[in-house]
Structure formats: C-alpha cells, structure tokens
>>> print(open('structure_31.cif').read())   # mmCIF, C-alpha atoms and all ligand atoms
data_work
#
loop_
_atom_site.label_atom_id
_atom_site.label_comp_id
_atom_site.auth_asym_id
_atom_site.auth_seq_id
_atom_site.Cartn_x
_atom_site.Cartn_y
_atom_site.Cartn_z
CA MET W 1 18.11 -27.60 -3.02
CA LYS W 2 19.00 -23.92 -3.25
CA GLN W 3 18.67 -22.54 -6.76
CA THR W 4 21.70 -20.81 -8.18
CA ILE W 5 21.17 -17.40 -9.72
CA LEU W 6 21.95 -16.69 -13.31
CA LEU W 7 24.11 -13.65 -12.63
CA CYS W 8 27.76 -13.90 -13.34
CA GLY W 9 30.08 -11.18 -12.03
CA ALA W 10 31.88 -9.90 -15.10
CA ALA W 11 28.92 -10.12 -17.43
CA ALA W 12 26.60 -8.48 -14.93
CA ALA W 13 28.93 -5.55 -14.38
CA VAL W 14 28.78 -4.52 -18.02
CA GLY W 15 25.14 -5.42 -18.56
CA LEU W 16 24.54 -8.72 -20.27
CA THR W 17 23.88 -8.95 -23.97
CA PHE W 18 21.43 -11.56 -25.18
CA ALA W 19 21.82 -12.53 -28.77
CA GLY W 20 21.90 -15.31 -31.29
CA CYS W 21 24.18 -18.30 -31.02
CA HIS W 22 27.40 -16.48 -31.93
CA SER W 23 27.64 -14.26 -28.90
CA PRO W 24 30.01 -15.46 -26.17
CA VAL W 25 27.75 -13.90 -23.54
CA SER W 26 24.81 -15.80 -24.91
CA ARG W 27 26.81 -19.00 -24.58
CA GLU W 28 27.63 -18.05 -21.01
CA ILE W 29 23.96 -17.55 -20.26
CA ARG W 30 23.06 -20.90 -21.78
CA ALA W 31 25.72 -22.53 -19.62
CA LEU W 32 23.91 -21.09 -16.63
CA GLY W 33 20.69 -22.71 -17.75
CA VAL W 34 19.03 -19.69 -19.35
CA GLN W 35 17.64 -20.10 -22.84
CA SER W 36 17.30 -16.95 -24.90
CA GLU W 37 15.60 -16.23 -28.18
CA ALA W 38 15.48 -12.83 -29.82
CA SER W 39 13.73 -11.27 -32.79
CA GLU W 40 13.34 -7.75 -34.15
CA ARG W 41 10.48 -7.05 -31.74
CA SER W 42 11.30 -8.88 -28.53
CA CYS W 43 13.68 -11.07 -26.60
CA THR W 44 12.60 -13.96 -24.40
CA LEU W 45 14.63 -15.53 -21.62
CA ARG W 46 13.62 -18.88 -20.15
CA ARG W 47 14.70 -20.69 -17.03
CA ASN W 48 13.15 -23.22 -14.64
CA GLY W 49 9.91 -23.29 -16.63
CA ASN W 50 9.55 -19.50 -16.34
CA PHE W 51 9.91 -16.97 -19.13
CA ILE W 52 10.26 -13.21 -19.43
CA THR W 53 9.87 -11.31 -22.69
CA ILE W 54 11.35 -7.83 -23.02
CA TYR W 55 10.57 -5.27 -25.72
CA PRO W 56 12.99 -2.60 -26.99
CA GLY W 57 12.32 0.82 -25.49
CA SER W 58 9.68 -0.54 -23.12
CA LEU W 59 9.46 -0.67 -19.33
CA ARG W 60 6.80 -3.34 -19.60
CA ALA W 61 7.88 -6.95 -19.78
CA ASN W 62 5.83 -10.12 -19.94
CA PHE W 63 6.52 -12.69 -17.24
CA ASN W 64 4.78 -16.05 -17.68
CA GLY W 65 1.92 -14.35 -19.54
CA GLY W 66 1.34 -11.38 -17.20
CA TRP W 67 2.74 -7.84 -17.15
CA VAL W 68 5.57 -6.74 -14.91
CA HIS W 69 7.72 -3.61 -15.12
CA LEU W 70 11.45 -3.32 -15.54
CA VAL W 71 13.31 -0.58 -13.67
CA GLU W 72 14.71 0.84 -16.93
CA PRO W 73 13.42 0.45 -20.49
CA ALA W 74 14.92 -2.56 -22.28
CA GLN W 75 17.46 -1.72 -25.00
CA ARG W 76 18.23 -3.27 -28.33
CA THR W 77 21.86 -2.94 -29.27
CA GLU W 78 22.16 -0.22 -31.90
CA GLY W 79 22.42 -1.47 -35.46
CA LYS W 80 22.16 -5.15 -34.61
CA SER W 81 18.73 -6.62 -35.06
CA GLY W 82 17.82 -9.24 -32.52
CA VAL W 83 20.61 -8.30 -30.12
CA TYR W 84 19.52 -7.00 -26.74
CA SER W 85 21.35 -5.71 -23.74
CA LEU W 86 19.89 -5.69 -20.28
CA SER W 87 21.18 -3.35 -17.60
CA GLU W 88 22.60 -4.72 -14.39
CA ALA W 89 19.70 -3.19 -12.44
CA ASN W 90 17.10 -4.88 -14.66
CA LEU W 91 18.92 -8.16 -14.48
CA LYS W 92 19.65 -8.18 -10.75
CA LYS W 93 16.45 -6.59 -9.51
CA VAL W 94 13.78 -7.88 -11.89
CA VAL W 95 14.79 -10.57 -14.38
CA ALA W 96 16.92 -12.85 -12.17
CA PRO W 97 14.63 -12.70 -9.10
CA LEU W 98 11.63 -13.63 -11.26
CA LEU W 99 13.26 -16.35 -13.38
CA ASN W 100 14.85 -17.87 -10.27
CA ARG W 101 11.82 -17.20 -8.07
CA GLU W 102 14.08 -15.75 -5.39
CA VAL W 103 12.29 -14.95 -2.15
CA ALA W 104 15.25 -14.10 0.05
CA PRO W 105 15.38 -14.10 2.99
CA ALA W 106 13.21 -17.20 2.80
CA LYS W 107 10.99 -17.35 5.85
CA PRO W 108 7.81 -19.41 6.14
CA VAL W 109 4.66 -17.31 6.33
CA LYS W 110 2.60 -17.69 9.49
CA MET W 111 1.48 -14.19 10.47
CA ILE W 112 0.06 -11.74 7.96
CA LEU W 113 -0.78 -8.08 8.56
CA ILE W 114 -3.59 -6.78 6.34
CA ASP W 115 -3.82 -3.01 5.91
CA PRO W 116 -7.20 -1.60 4.81
CA GLY W 117 -6.07 1.68 3.18
CA HIS W 118 -7.19 5.06 4.58
CA GLY W 119 -9.89 5.26 7.31
CA GLY W 120 -11.46 7.85 9.63
CA SER W 121 -11.02 11.36 8.24
CA GLU W 122 -8.94 9.93 5.37
CA THR W 123 -11.61 8.76 2.96
CA GLY W 124 -9.24 7.94 0.09
CA ALA W 125 -10.74 8.27 -3.38
CA THR W 126 -14.48 8.69 -3.83
CA GLY W 127 -16.82 7.23 -6.41
CA ALA W 128 -20.44 8.09 -7.15
CA LYS W 129 -21.72 5.97 -4.26
CA HIS W 130 -18.80 4.76 -2.20
CA GLN W 131 -15.73 5.97 -0.38
CA GLU W 132 -12.50 4.09 -0.91
CA LYS W 133 -11.85 3.55 2.81
CA THR W 134 -15.12 1.59 3.11
CA LEU W 135 -14.48 -0.64 0.10
CA ASN W 136 -10.89 -1.21 1.24
CA PHE W 137 -12.16 -2.33 4.63
CA ALA W 138 -14.82 -4.66 3.17
CA LEU W 139 -12.25 -6.32 0.91
CA ALA W 140 -9.59 -6.48 3.66
CA GLN W 141 -12.03 -8.31 5.95
CA LYS W 142 -12.71 -10.90 3.25
CA ILE W 143 -8.98 -11.35 2.63
CA ARG W 144 -8.50 -11.81 6.39
CA ASP W 145 -11.29 -14.40 6.59
CA GLU W 146 -9.93 -16.31 3.60
CA LEU W 147 -6.39 -16.42 5.02
CA VAL W 148 -7.63 -17.48 8.47
CA LYS W 149 -9.58 -20.30 6.81
CA ARG W 150 -6.30 -21.47 5.28
CA GLY W 151 -4.53 -21.59 8.62
CA PHE W 152 -2.70 -18.24 8.74
CA THR W 153 -2.74 -15.89 11.71
CA VAL W 154 -4.03 -12.52 10.51
CA LYS W 155 -4.05 -9.06 12.07
CA MET W 156 -5.40 -5.80 10.66
CA THR W 157 -3.88 -2.31 10.91
CA ARG W 158 -7.38 -1.04 11.72
CA ASP W 159 -10.46 -2.93 12.89
CA THR W 160 -12.75 0.07 12.64
CA ASP W 161 -13.20 3.23 10.59
CA LYS W 162 -10.41 5.28 12.14
CA ASP W 163 -7.31 7.29 11.27
CA VAL W 164 -4.03 5.37 11.37
CA SER W 165 -0.83 7.04 10.14
CA LEU W 166 1.10 5.47 7.27
CA ASP W 167 4.18 5.07 9.46
CA ALA W 168 2.13 3.37 12.21
CA ARG W 169 0.74 0.88 9.67
CA GLY W 170 4.18 -0.12 8.40
CA ASN W 171 5.74 -0.12 11.86
CA LEU W 172 3.02 -2.42 13.19
CA SER W 173 4.42 -5.16 10.95
CA GLY W 174 7.60 -4.93 13.04
CA THR W 175 5.85 -4.81 16.41
CA LEU W 176 3.72 -7.83 15.56
CA LYS W 177 6.62 -9.64 13.87
CA ALA W 178 4.45 -10.14 10.79
CA ASP W 179 5.80 -12.34 7.99
CA LEU W 180 3.87 -10.49 5.26
CA PHE W 181 2.20 -7.10 4.90
CA ILE W 182 -0.61 -6.54 2.38
CA SER W 183 -2.05 -3.06 1.91
CA VAL W 184 -5.51 -3.02 0.28
CA HIS W 185 -6.59 -0.08 -1.89
CA HIS W 186 -8.81 0.86 -4.81
CA ASN W 187 -7.66 3.06 -7.64
CA ALA W 188 -8.69 6.50 -8.91
CA ALA W 189 -8.23 8.29 -12.23
CA ALA W 190 -9.12 11.84 -13.19
CA ASN W 191 -10.64 10.78 -16.52
CA ARG W 192 -13.18 8.34 -14.98
CA THR W 193 -12.24 5.64 -17.48
CA GLY W 194 -9.43 3.89 -15.58
CA THR W 195 -9.86 0.15 -15.38
CA GLY W 196 -8.09 -2.95 -14.13
CA VAL W 197 -5.96 -4.22 -11.29
CA GLU W 198 -2.34 -3.62 -10.33
CA THR W 199 -0.03 -4.70 -7.52
CA PHE W 200 2.84 -2.59 -6.22
CA ALA W 201 6.08 -3.78 -4.71
CA MET W 202 8.57 -1.51 -2.99
CA THR W 203 10.99 -0.06 -5.57
CA PRO W 204 14.27 -2.02 -5.40
CA ASP W 205 17.32 -0.33 -3.92
CA GLY W 206 18.95 2.17 -6.30
CA CYS W 207 16.21 1.85 -8.93
CA ARG W 208 13.58 4.19 -10.32
CA SER W 209 9.91 3.70 -9.55
CA THR W 210 7.53 2.80 -12.38
CA GLY W 211 6.00 6.27 -12.16
CA GLY W 212 9.43 7.95 -12.14
CA GLY W 213 10.65 10.27 -9.38
CA ALA W 214 13.92 10.64 -7.53
CA VAL W 215 16.08 7.66 -6.58
CA PRO W 216 17.10 7.90 -2.91
CA LYS W 217 20.78 7.39 -2.15
CA GLN W 218 20.12 5.05 0.74
CA ALA W 219 18.28 1.76 0.83
CA THR W 220 15.34 1.48 3.21
CA LEU W 221 14.56 -1.31 5.63
CA SER W 222 12.11 -2.90 3.20
CA ASN W 223 14.80 -3.10 0.49
CA ARG W 224 16.10 -6.14 2.38
CA TYR W 225 13.14 -7.93 0.82
CA ASP W 226 13.47 -6.71 -2.79
CA SER W 227 13.24 -10.17 -4.37
CA ALA W 228 10.49 -11.36 -2.01
CA ASN W 229 8.48 -8.14 -2.54
CA LEU W 230 8.59 -8.60 -6.31
CA ASN W 231 7.69 -12.29 -6.28
CA LEU W 232 4.88 -11.79 -3.76
CA ALA W 233 3.47 -8.99 -5.95
CA GLN W 234 3.72 -11.16 -9.06
CA GLU W 235 2.06 -14.19 -7.44
CA ILE W 236 -0.84 -12.01 -6.25
CA GLN W 237 -1.19 -9.90 -9.40
CA SER W 238 -1.36 -12.87 -11.79
CA ARG W 239 -4.20 -14.38 -9.73
CA LEU W 240 -6.02 -11.05 -9.37
CA VAL W 241 -6.08 -10.74 -13.14
CA LYS W 242 -7.56 -14.23 -13.52
CA ALA W 243 -10.15 -13.66 -10.78
CA THR W 244 -11.36 -10.28 -12.07
CA GLY W 245 -10.78 -10.67 -15.80
CA GLY W 246 -8.34 -7.73 -15.64
CA PRO W 247 -7.32 -5.61 -17.41
CA ASP W 248 -3.81 -6.46 -16.22
CA ARG W 249 -2.06 -3.18 -15.30
CA GLY W 250 0.90 -5.21 -14.13
CA VAL W 251 3.27 -5.44 -11.22
CA LYS W 252 4.68 -1.97 -10.57
CA PHE W 253 7.29 -0.45 -8.31
CA ALA W 254 6.65 2.50 -5.97
CA ARG W 255 8.14 3.91 -2.78
CA PHE W 256 4.79 4.21 -1.01
CA ARG W 257 5.23 5.22 2.61
CA VAL W 258 3.52 2.07 3.97
CA LEU W 259 5.84 -0.11 1.89
CA VAL W 260 8.94 1.88 2.88
CA LYS W 261 8.09 1.31 6.54
CA ALA W 262 7.26 -2.41 6.28
CA HIS W 263 9.43 -4.80 8.31
CA CYS W 264 8.68 -7.84 6.13
CA PRO W 265 7.88 -8.61 2.48
CA ALA W 266 5.08 -6.20 1.53
CA VAL W 267 2.79 -5.32 -1.36
CA LEU W 268 0.04 -2.82 -2.08
CA VAL W 269 -2.93 -4.06 -4.08
CA GLU W 270 -5.12 -1.74 -6.18
CA ALA W 271 -8.17 -3.94 -6.74
CA GLY W 272 -10.05 -1.82 -9.32
CA PHE W 273 -11.14 1.76 -10.04
CA ILE W 274 -13.67 3.45 -7.77
CA THR W 275 -13.82 6.46 -10.11
CA THR W 276 -15.11 4.48 -13.09
CA PRO W 277 -18.89 4.00 -12.68
CA LYS W 278 -19.11 0.42 -13.99
CA GLU W 279 -16.05 -0.68 -12.07
CA GLU W 280 -17.28 1.00 -8.87
CA LEU W 281 -20.35 -1.25 -9.01
CA ALA W 282 -18.17 -4.31 -9.55
CA ILE W 283 -15.73 -3.63 -6.69
CA ALA W 284 -18.61 -3.01 -4.26
CA ASP W 285 -20.10 -6.42 -5.09
CA PRO W 286 -19.45 -8.89 -2.22
CA ALA W 287 -19.21 -11.79 -4.70
CA ARG W 288 -16.34 -10.09 -6.55
CA GLN W 289 -14.72 -9.15 -3.22
CA ARG W 290 -14.75 -12.83 -2.21
CA LYS W 291 -13.16 -13.80 -5.54
CA VAL W 292 -10.46 -11.16 -5.12
CA ALA W 293 -9.85 -12.30 -1.52
CA ALA W 294 -9.39 -15.90 -2.68
CA ALA W 295 -6.99 -14.72 -5.40
CA VAL W 296 -4.88 -12.82 -2.85
CA ALA W 297 -4.85 -15.87 -0.55
CA ASP W 298 -3.85 -18.13 -3.47
CA GLY W 299 -0.99 -15.72 -4.21
CA VAL W 300 0.16 -15.84 -0.58
CA GLU W 301 0.09 -19.64 -0.59
CA ALA W 302 2.07 -19.78 -3.84
CA PHE W 303 4.62 -17.37 -2.35
CA ASN W 304 4.82 -19.52 0.77
CA ARG W 305 5.58 -22.59 -1.34
CA ARG W 306 8.49 -20.62 -2.87
CA THR W 307 9.92 -19.83 0.55
CA ALA W 308 9.72 -23.52 1.45
CA ALA W 309 11.49 -24.45 -1.81
CA MET W 310 14.25 -21.85 -1.25
CA LYS W 311 14.93 -23.11 2.26
CA LYS W 312 15.68 -26.67 1.16
ZN ZN Y 1 -5.97 4.38 -1.57
#
>>> encode(input="structure_31.cif", output="structure tokens")
Amino acid sequence: MKQTILLCGAAAAVGLTFAGCHSPVSREIRALGVQSEASERSCTLRRNGNFITIYPGSLRANFNGGWVHLVEPAQRTEGKSGVYSLSEANLKKVVAPLLNREVAPAKPVKMILIDPGHGGSETGATGAKHQEKTLNFALAQKIRDELVKRGFTVKMTRDTDKDVSLDARGNLSGTLKADLFISVHHNAAANRTGTGVETFAMTPDGCRSTGGGAVPKQATLSNRYDSANLNLAQEIQSRLVKATGGPDRGVKFARFRVLVKAHCPAVLVEAGFITTPKEELAIADPARQRKVAAAVADGVEAFNRRTAAMKK
C-alpha cells in the first residue's frame, strides 16, 4: 500500500508548529499519525516506527539514532517553551521524506554506477602515503564486487587510473540507464585532525546546502529524486557509521557537480580522512575497505526494499 505523507496544505504553507496537547496543529499532526513530544531542549516526531529529533537553533537533527541535516536551523517559538515550528522546506524536504521513507519515483534497483572519485592527473587529496584517487578506486572495486555478489549489475565511471570529467561521470548514469549512482571519495581537512564518515545527497530544490552557498533559482535534473537521494544517503550513512565505528558526521546536502549531473538517485560517500595519519592507515586497510563495501551494499539493499514497498 502507498504510504500517505504527513503534509497538509494549509499547515504546511505557514510552517507547522509542534507543541503540547493544546495546539490545534498538534492535533492535526496526530490525526495524520505523527506523534510529537517536545521539551525545552528538543522536539521529537515519530511515525511508522521512525523518529526525528530537532534541536532549537541547530541544523543537525537525529533520525533513528544517526545524524542528518535540516535545510534551515530548527526554531523554537519565541517565549513558549516546548513549542517548535518547522519551516515548510524542512518539513517537505527532510522530515516528511525521512519519516515516510519516501523514495519517489520508486523504481527497483538493478543497475548501479559506481564512481571512484578523481583519477589520472586529478589525484584528489593526499595523505602521508596515499593519494585519494587510489584509495577511492580500491574501495570502489570492493563496493562493485560486493554488489555484484548480491545480484546487481554494476558499472564504473573509470576502470583505470585516468581523467574523467565530472559532467561525463554524471552523464554516464543517463547513457547507461543506471538506477543508482554512488560516488566514492575520502575526505581532507587542513588541520589534519578530521575524522569520521559522511554521506552527501544532492541539495533539495530551493534549499541551502549544509555548507551554505547560493540557492539556484532553477531545479536541476537530479532534484527529481530529492526524497530518494536523501533516503539512499541515510540508509548508507547509518550503516557506514556502524561498520567503521564513526564518528558520524551525518547525512549532508551539497550541489556537487557529479550529483547535479546524475540521472538517477545519487549519493557521494566520504569514507574517512586521508589527511589524518591514523585514519589514513585505517582507510588503506583492505579489511576496513571490505567492511565499508558491505555497509554500502547493505544500504543499497535497504533502499531497494523501500522502493518495493512504495510501489505496492
Ligand atoms: Zn575527493
């Protein structure tokens, strides 16, 4: 059966307010099957066995125990403790798609395009011993092998150490009629202490990216998959955190060129920091790469179960 979404026209247009039992909007939300509980410090919404906790003034929200990012900081209504309002963008583009596990348009996953970041003259970030392009390729191969083992057809944007433009990588997902696109990268930080894993989804239409920047007036092709992008990123990120022990840097939004150009649901995985000496050793370890590959494949399978559920 198709799940109904929790949005309701009039309430959504003004930004819903979640509060204690006296608010009419709160009653409306409960009628739609969403439970809410709010305190001074946070507000939690529950539906379908999922929960999301928002914190006043914060972009970070906790979904089912892992970090995700809103597109605007959550607000607590001035002067009323325990009363929260959520903007229409946050509700439509983050909260509702996650609580309802929307993966529209729901299409079963058969063909997956894996994109080992950088290559050729583009080395990506560099650590003490390794170049990012090499570690990306090693991990991408393991992800490919794991997905093939599970019955998916998998192609790569590069099979060797060569230059491939960002547009060509994204466009290939259209040429090959891929059902999913997964770009594989490792992170860098100037201070050499960065740590943890994060997964990026394309920034939803009309919203700001997690790192800020301008909001384009027009939606891109990949914005057709806003809800699928977010849920794919969340399914992968939560498993990456478990497989690596984190830290959990969360699901984030960015308008990366490869994501903008993708013709199907797409994510970009940052599987650890090459610029942090201890973490560089870890991400170069084939045993960890296999664990990360299995986590990505588990995330893809979980996403695929969602598409099957949405189609019914
Ligand atoms: Zn990179």
>>> residues_around(input="structure_31.cif", residues="W:Ile274", least_positions_apart="5", cutoff="10 Å", atoms="only C-alpha atoms", output="short mmCIF file (atom, residue, chain, number, x, y, z; two decimals) with C-alpha atoms, in the frame of the given file")
data_model
loop_
_atom_site.label_atom_id
_atom_site.label_comp_id
_atom_site.auth_asym_id
_atom_site.auth_seq_id
_atom_site.Cartn_x
_atom_site.Cartn_y
_atom_site.Cartn_z
CA ALA W 125 -10.74 8.27 -3.38
CA THR W 126 -14.48 8.69 -3.83
CA GLY W 127 -16.82 7.23 -6.41
CA ALA W 128 -20.44 8.09 -7.15
CA LYS W 129 -21.72 5.97 -4.26
CA HIS W 130 -18.80 4.76 -2.20
CA GLN W 131 -15.73 5.97 -0.38
CA GLU W 132 -12.50 4.09 -0.91
CA LEU W 135 -14.48 -0.64 0.10
CA HIS W 185 -6.59 -0.08 -1.89
CA HIS W 186 -8.81 0.86 -4.81
CA ASN W 187 -7.66 3.06 -7.64
CA ALA W 188 -8.69 6.50 -8.91
CA ALA W 189 -8.23 8.29 -12.23
CA ARG W 192 -13.18 8.34 -14.98
CA GLY W 194 -9.43 3.89 -15.58
CA THR W 195 -9.86 0.15 -15.38
CA GLU W 279 -16.05 -0.68 -12.07
CA GLU W 280 -17.28 1.00 -8.87
CA LEU W 281 -20.35 -1.25 -9.01
CA ALA W 282 -18.17 -4.31 -9.55
CA ILE W 283 -15.73 -3.63 -6.69
CA ALA W 284 -18.61 -3.01 -4.26
#
>>> residues_around(input="structure_31.cif", residues="W:Ile54", least_positions_apart="5", cutoff="7 Å", atoms="all atoms listed in the file", output="compact mmCIF listing (two decimals) with C-alpha atoms, in the coordinates of the input")
# COMPACT_ATOMS: atom_id res chain seq x y z
CA SER W 42 11.30 -8.88 -28.53
CA CYS W 43 13.68 -11.07 -26.60
CA THR W 44 12.60 -13.96 -24.40
CA ALA W 61 7.88 -6.95 -19.78
CA ASN W 62 5.83 -10.12 -19.94
CA ALA W 74 14.92 -2.56 -22.28
>>> residues_around(input="structure_31.cif", residues="stretch 144-146 of chain W", least_positions_apart="2", cutoff="9 Å", atoms="only C-alpha atoms", output="PyMOL selection string")
chain W and resi 112-114+139-142+148-150+152-156+290+293-294+296-297
>>> residues_around(input="structure_31.cif", residues="W:Gln234", least_positions_apart="4", cutoff="10 Å", atoms="only C-alpha atoms", output="MDAnalysis selection string")
chainID W and resid 63:64 66:68 98 198:201 228:230 238:240 250:252 267 299 303
>>> residues_around(input="structure_31.cif", residues="W:Asn90", least_positions_apart="3", cutoff="6 Å", atoms="only C-alpha atoms", output="compact mmCIF listing (two decimals) with C-alpha atoms, in the frame of the given file")
# COMPACT_ATOMS: atom_id res chain seq x y z
CA LEU W 70 11.45 -3.32 -15.54
CA VAL W 71 13.31 -0.58 -13.67
CA SER W 87 21.18 -3.35 -17.60
CA LYS W 93 16.45 -6.59 -9.51
CA VAL W 94 13.78 -7.88 -11.89
>>> atom_distance(input="structure_31.cif", atom1="atom CA of W:Ala190", atom2="atom CA of W:Glu235")
28.9 Å
>>> closest_atom_pairs(input="structure_31.cif", of="stretch 52-108 of chain W", to="stretch 220-226 of chain W", cutoff="9 Å", atoms="all atoms listed in the file", output="CSV")
residue,atom,partner,partner_atom,distance
W:Lys93,CA,W:Asp226,CA,7.4
W:Pro97,CA,W:Asp226,CA,8.8
W:Val103,CA,W:Tyr225,CA,7.7
W:Ala104,CA,W:Tyr225,CA,6.6
W:Pro105,CA,W:Tyr225,CA,6.9
>>> closest_residue(input="structure_31.cif", among="W:Pro116, W:Gly57, W:Pro73, W:Gly170", to="W:Arg257", atoms="only C-alpha atoms")
W:Gly170
>>> closest_residue(input="structure_31.cif", among="W:Cys264, W:Val184, W:Ala287, W:Cys207", to="ligand ZN 1 (chain Y)", atoms="only C-alpha atoms and all ligand atoms")
W:Val184
>>> atom_distance(input="structure_31.cif", atom1="atom CA of W:Val269", atom2="atom CA of W:Val95")
21.5 Å
>>> atom_distance(input="structure_31.cif", atom1="atom CA of W:Gly124", atom2="atom CA of W:Leu166")
12.8 Å
